[in-house]
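Participant: Just passing along the structure, written as structure tokens.
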Amino acid sequence: MFESCLRGLKFYFYMVGVSIKTQLQYRYAFVMNILGWAMTYAGTAITMWVMLYSFQTIRGWMFWELLFLFGLSVLSWSICIIFFFHFRNMDEYIVEGTFDRFLVRPIHPFLHVVALKFDVGAFGQLLFSIVALIIAYVQLGLNWQFSQWLIFLGAVIGGTLIQGGMLVLISGVAFWTTRSERLFWTLMWPAKNLMNYPLTIFPRVIQLLVTFVLPFAFVNFLPALLLLGKTKESFAPYWGFFTLPVGIIFFTICLKFWTIGLNHYKSAGS
Amino acid sequence: MIKTYRMYWEFTRKSFQRSAAYRVDSWSRVLGNVMSLGIWGCIWFALYYGKGSVENISFHSMLSYILISMALQGIHNAGTPLWEIQRRVRTGDIAIELLRPYDYPLRMLFTDLGSMSFYFITAIFPLYTLIFIFFQPNIPLSASQWGLFLLSAVLGYLIRYSLELTFGLFTFWLVETGGVEDIFYFSISLFSGSVVPLWFFPDWLASIASLLPFQGIYFVPNAIFVGELSGQAILPALLNQVIWLLICYGLLRFVWAKASQKVVVQGG
């Protein structure tokens, strides 16, 4: 058992190495990709700024707080992209029948899919989110205690697991339906964009949905309440403590679903 | 002449039928459109919460603006996406198009007309009729206002089409358009007033926006639709759209001419 784990990890790092090398092969494309992503997110932040220029606040949140909320979500999303983003089009392997290859290799299929790509382009998002968070931190004059740094760390790790779990869940659907990428674009992407804004601006049903069913609220909104010291919202501030456990539980459930799907999998091959 | 148009029309018809065959595609696009409408509706509602009118625009006008904007965006998005054009250039599929006896930019326009009209008839029109009945937004009250809105919306569509296809053709020279592409998309989404109308821009940004072609895509038709742009002010706005359309179309023809030569060179 231990040995197979070790061997799996060895294969994993080998494949990741290859993936990074292929991405670094085209230097120009590599740099453009990173810059492109950083700019896309900067664009969204600028749009928020323009929007709040005449209005000043949105339900008591000012621009820098909004930027913090946004930056926090992008930070965990960028880590999630590195490991899990390619799960969204895992269905292509199933449709083309190339998924069968993964089953006969000396590494667990899940780890194999994770290792398919180590998306270096995500450094663009990472760059943006770190810069955004630092600017927001300075502008808001925050001064976190040690415990708040722990909450922040928990939010990043937990947020990565929640969003990664969601991607794993969606890709798992493909074991039954053979197609699932559309689910990502119609279900997860809008839900993610929703979280760029304070949750309290949305109807109650949606607030409950992203808290208890698809726990996106734990990615950025709930921890941000604690980290920004916003106590007058309709959510009690202690909710933000739970991001890490929620992330671990949610990811475990999603992984379980994926494995059930894998056992159910019948090749699409001819 | 008539024969040529009949040929292009055939592309429209075929594309209409093809859209009818991929109905799931259409439905998921509707779902996405409605969800972003919902998100933006909530955002604007929250922005206006506890405020009367901002920059002389009431919440009701803004709601109307975002509704018509999303309806127009829904129609725009039913056309061939940018990445599809880029894919054809990269894979060389576009070479086949050059061999055929039609004008590629014009053919694409007619093809998109087919998928867009299918999407409009089956999804956008019934859906937004219901939404409009429910929310009672500002709509054009006279036939002339409707006419001007439609004219402006068509001009806006053609501006975006020319710009996007031109941009897609740059793939002939740049294999990787990553960063430039993101600036392009950002400019379209911000300066076209697709989600934030130019009224709320800081003055300096609004003056930059007024010098760019993008405002003609959504902002002008939307503003005419909700009645914030009316009377004498409409004429210069339409003229501005026409001028930009001519410039963008000229640019498209120029880039297309250069690009077709480029293919010949690569072909061998």
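Following the order of the structure tokens, chains are lettered A, B, ..., residues in each are numbered from 1, and ligands are numbered from 1.
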I'd like the neighbourhood of Trp244 of chain B as a list of chain:residue names, where a residue qualifies if any of its atoms comes within 9 Å (using only C-alpha atoms), though same-chain residues fewer than 6 positions away should be ignored.
Facilitator: B:Ile159, B:Leu212, B:Pro213, B:Phe214, B:Gly216
Participant: Any chance you can output those residues with N, CA, C and O atoms as an mmCIF file, in the first residue's frame?
Facilitator:
```cif
data_model
loop_
_atom_site.group_PDB
_atom_site.id
_atom_site.type_symbol
_atom_site.label_atom_id
_atom_site.label_comp_id
_atom_site.auth_asym_id
_atom_site.auth_seq_id
_atom_site.Cartn_x
_atom_site.Cartn_y
_atom_site.Cartn_z
ATOM 1 N N ILE B 159 -20.616 46.637 -36.070
ATOM 2 C CA ILE B 159 -19.345 47.143 -35.544
ATOM 3 C C ILE B 159 -18.617 46.035 -34.794
ATOM 4 O O ILE B 159 -17.441 45.770 -35.016
ATOM 5 N N LEU B 212 -13.793 55.947 -28.570
ATOM 6 C CA LEU B 212 -13.563 54.577 -29.022
ATOM 7 C C LEU B 212 -14.786 54.041 -29.772
ATOM 8 O O LEU B 212 -15.900 54.550 -29.595
ATOM 9 N N PRO B 213 -14.588 53.025 -30.613
ATOM 10 C CA PRO B 213 -15.732 52.501 -31.370
ATOM 11 C C PRO B 213 -16.703 51.682 -30.518
ATOM 12 O O PRO B 213 -17.844 51.485 -30.909
ATOM 13 N N PHE B 214 -16.245 51.223 -29.337
ATOM 14 C CA PHE B 214 -17.013 50.216 -28.590
ATOM 15 C C PHE B 214 -18.367 50.703 -28.079
ATOM 16 O O PHE B 214 -19.301 49.929 -27.954
ATOM 17 N N GLY B 216 -20.603 52.197 -29.451
ATOM 18 C CA GLY B 216 -21.664 51.980 -30.433
ATOM 19 C C GLY B 216 -22.259 50.584 -30.386
ATOM 20 O O GLY B 216 -23.314 50.326 -30.952
#
```
Participant: Counting only C-alpha atoms, which residues of chain B fall within 7 Å of chain A, and what is the closest atom pair for each with its distance in Å at one decimal, ordered by chain and rising number, as a tab-separated table?
Facilitator:
```
residue	atom	partner	partner_atom	distance
B:Ser28	CA	A:Thr186	CA	6.6
B:Leu31	CA	A:Thr186	CA	6.9
B:Gly32	CA	A:Thr186	CA	5.5
B:Met35	CA	A:Pro190	CA	6.8
B:Ser36	CA	A:Pro190	CA	7.0
B:Ile39	CA	A:Leu194	CA	6.6
B:Cys42	CA	A:Phe202	CA	5.9
B:Ile43	CA	A:Ile201	CA	6.6
B:Ala46	CA	A:Ile201	CA	5.7
B:Leu47	CA	A:Ile58	CA	4.8
B:Glu176	CA	A:Ala29	CA	5.6
B:Gly178	CA	A:Asn33	CA	5.4
B:Gly179	CA	A:Gly36	CA	3.8
B:Asp182	CA	A:Gly36	CA	5.6
B:Phe186	CA	A:Gly43	CA	5.9
B:Leu190	CA	A:Thr47	CA	6.5
B:Val196	CA	A:Met51	CA	6.3
B:Phe200	CA	A:Ser54	CA	5.7
B:Phe201	CA	A:Val50	CA	5.9
B:Pro202	CA	A:Tyr53	CA	6.8
```
Participant: Please measure the separation of atom CA of Leu209 of chain A and atom CA of Met195 of chain A, giving the value in Å to one decimal.
Facilitator: 12.1 Å
Participant: What lies within 9 Å of segment 79-83 of chain A using only C-alpha atoms, ignoring chain neighbours under 3 positions off, as number ranges by chain?
Facilitator: A: 74-76, 86-87, 114-115, 117-123, 125-126, 156-157, 159-164
Participant: Which residues, written as number ranges by chain, have at least one atom at most 9 Å from segment 231-248 of chain A, with only C-alpha atoms counted and residues fewer than 4 positions away on the same chain left out?
Facilitator: A: 151, 153-163, 165, 200, 215, 217-227, 252-253
Participant: For N, CA, C and O atoms, I'd like the residues from the last selection saved as a short mmCIF file (atom, residue, chain, number, x, y, z; two decimals), in the first residue's frame.
Facilitator:
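File produced: part.cif:
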```cif
data_model
loop_
_atom_site.label_atom_id
_atom_site.label_comp_id
_atom_site.auth_asym_id
_atom_site.auth_seq_id
_atom_site.Cartn_x
_atom_site.Cartn_y
_atom_site.Cartn_z
N ILE A 151 -6.89 32.09 9.84
CA ILE A 151 -8.16 32.05 9.11
C ILE A 151 -7.92 32.25 7.62
O ILE A 151 -8.48 31.56 6.77
N LEU A 153 -5.18 31.59 5.94
CA LEU A 153 -4.56 30.37 5.41
C LEU A 153 -5.61 29.28 5.20
O LEU A 153 -5.66 28.62 4.17
N GLY A 154 -6.49 29.13 6.21
CA GLY A 154 -7.57 28.16 6.11
C GLY A 154 -8.49 28.45 4.93
O GLY A 154 -8.93 27.54 4.23
N ALA A 155 -8.74 29.74 4.71
CA ALA A 155 -9.62 30.13 3.62
C ALA A 155 -9.00 29.77 2.28
O ALA A 155 -9.69 29.33 1.36
N VAL A 156 -7.68 29.96 2.17
CA VAL A 156 -7.02 29.66 0.89
C VAL A 156 -7.02 28.16 0.63
O VAL A 156 -7.41 27.71 -0.46
N ILE A 157 -6.64 27.38 1.65
CA ILE A 157 -6.60 25.92 1.46
C ILE A 157 -8.02 25.37 1.28
O ILE A 157 -8.31 24.63 0.34
N GLY A 158 -8.90 25.77 2.18
CA GLY A 158 -10.29 25.29 2.11
C GLY A 158 -10.95 25.71 0.80
O GLY A 158 -11.66 24.93 0.17
N GLY A 159 -10.69 26.95 0.40
CA GLY A 159 -11.28 27.46 -0.85
C GLY A 159 -10.80 26.67 -2.05
O GLY A 159 -11.58 26.37 -2.95
N THR A 160 -9.51 26.32 -2.03
CA THR A 160 -8.97 25.50 -3.12
C THR A 160 -9.68 24.15 -3.16
O THR A 160 -10.07 23.68 -4.23
N LEU A 161 -9.88 23.55 -1.99
CA LEU A 161 -10.52 22.24 -1.93
C LEU A 161 -11.98 22.31 -2.38
O LEU A 161 -12.47 21.42 -3.06
N ILE A 162 -12.68 23.37 -1.97
CA ILE A 162 -14.10 23.49 -2.35
C ILE A 162 -14.23 23.62 -3.87
O ILE A 162 -15.00 22.89 -4.50
N GLN A 163 -13.44 24.52 -4.45
CA GLN A 163 -13.55 24.72 -5.89
C GLN A 163 -13.00 23.54 -6.67
O GLN A 163 -13.57 23.13 -7.69
N GLY A 165 -13.01 20.47 -5.56
CA GLY A 165 -14.01 19.42 -5.38
C GLY A 165 -15.14 19.57 -6.38
O GLY A 165 -15.61 18.60 -6.98
N THR A 200 -24.68 39.07 0.42
CA THR A 200 -25.92 39.65 0.93
C THR A 200 -26.72 40.41 -0.12
O THR A 200 -27.87 40.75 0.12
N PRO A 215 -20.88 24.86 -1.45
CA PRO A 215 -20.43 25.78 -0.39
C PRO A 215 -19.46 26.89 -0.84
O PRO A 215 -18.42 27.08 -0.25
N ALA A 217 -19.81 30.01 -0.55
CA ALA A 217 -19.76 31.12 0.39
C ALA A 217 -18.55 31.01 1.31
O ALA A 217 -18.02 32.01 1.77
N PHE A 218 -18.10 29.78 1.54
CA PHE A 218 -16.96 29.58 2.42
C PHE A 218 -15.63 29.94 1.75
O PHE A 218 -14.63 30.09 2.40
N VAL A 219 -15.66 30.05 0.42
CA VAL A 219 -14.41 30.33 -0.30
C VAL A 219 -13.91 31.73 0.04
O VAL A 219 -12.75 31.91 0.37
N ASN A 220 -14.79 32.71 -0.07
CA ASN A 220 -14.30 34.07 0.19
C ASN A 220 -15.21 34.92 1.08
O ASN A 220 -14.73 35.65 1.95
N PHE A 221 -16.52 34.80 0.90
CA PHE A 221 -17.40 35.74 1.61
C PHE A 221 -17.34 35.58 3.13
O PHE A 221 -17.08 36.54 3.86
N LEU A 222 -17.54 34.35 3.60
CA LEU A 222 -17.58 34.15 5.05
C LEU A 222 -16.24 34.44 5.74
O LEU A 222 -16.21 35.15 6.74
N PRO A 223 -15.12 33.93 5.17
CA PRO A 223 -13.85 34.33 5.80
C PRO A 223 -13.61 35.84 5.72
O PRO A 223 -13.07 36.42 6.67
N ALA A 224 -14.03 36.47 4.62
CA ALA A 224 -13.78 37.91 4.47
C ALA A 224 -14.49 38.71 5.56
O ALA A 224 -13.98 39.73 6.02
N LEU A 225 -15.66 38.23 6.00
CA LEU A 225 -16.36 38.93 7.08
C LEU A 225 -15.48 39.00 8.32
O LEU A 225 -15.40 40.03 8.99
N LEU A 226 -14.82 37.87 8.62
CA LEU A 226 -13.94 37.83 9.78
C LEU A 226 -12.69 38.68 9.55
O LEU A 226 -12.25 39.41 10.43
N LEU A 227 -12.13 38.54 8.35
CA LEU A 227 -10.85 39.19 8.08
C LEU A 227 -10.99 40.70 7.94
O LEU A 227 -10.05 41.44 8.19
N THR A 252 -13.83 15.46 -0.05
CA THR A 252 -13.91 14.01 0.14
C THR A 252 -15.17 13.44 -0.52
O THR A 252 -15.12 12.40 -1.18
N ILE A 253 -16.29 14.15 -0.33
CA ILE A 253 -17.55 13.69 -0.93
C ILE A 253 -17.41 13.66 -2.46
O ILE A 253 -17.79 12.68 -3.12
#
```
Participant: Could you please determine the separation between atom CA of Glu10 of chain B and atom CA of Asn77 of chain B in Å, to one decimal place?
Facilitator: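 Here the two named atoms are 21.5 Å from each other.
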Participant: From the list A:Gly172, A:Gly124, A:Gly141, A:Gly261, which residue is nearest Trp77 of chain A when using only C-alpha atoms?
Facilitator: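 Among the listed residues, A:Gly124 lies closest to Trp77 of chain A.
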Participant: What is the distance, in Å and to one decimal place, between atom CA of Ser147 of chain A and atom CA of Phe84 of chain A?
Facilitator: 28.9 Å
Participant: Point out the residue among B:Ala233, B:Leu148, B:Ile85, B:Leu238 with the least atom-to-atom distance to Pro105 of chain B, counting only C-alpha atoms.
Facilitator: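 Checking each candidate against Pro105 of chain B, we get B:Ile85 as the closest.
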Participant: Identify which of the residues B:Tyr104, B:Trp146, B:Phe120, B:Phe134 lies closest to Gly227 of chain B, counting only C-alpha atoms when measuring atom-to-atom distances.
Facilitator: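 For Gly227 of chain B, the nearest of the candidates is B:Trp146.
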Participant: Identify all residues of segment 44-249 of chain B in strand (DSSP E) (DSSP on the backbone) and supply them as a list in words.
Facilitator: Ser53, Val54, Ile57 and Ser58 of chain B
Participant: Per DSSP on the backbone, filter segment 183-229 of chain B down to the residues in alpha helix (DSSP H) and report them as a count of residues only.
Facilitator: 25
Participant: Hey, what's within 12 Å of segment 104-110 of chain A if we count only C-alpha atoms and toss same-chain stuff fewer than 4 positions away? As a PyMOL selection string, please?
Facilitator: chain A and resi 3-15+83-84+87+90+98-100+114-116+168+171-172+254-263+265
Participant: For Asp112 of chain B, find every residue with an atom within 10 Å (counting only C-alpha atoms), except residues of its own chain fewer than 5 positions away, and show them as a list in words.
Facilitator: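 Near Asp112 of chain B, the qualifying residues are Phe11, Thr12, Ser15, Phe16, His76, Asn77, Ala78, Gly79, Thr80, Pro81, Leu106, Arg107, Ser117, Phe118 and Tyr161 of chain B.
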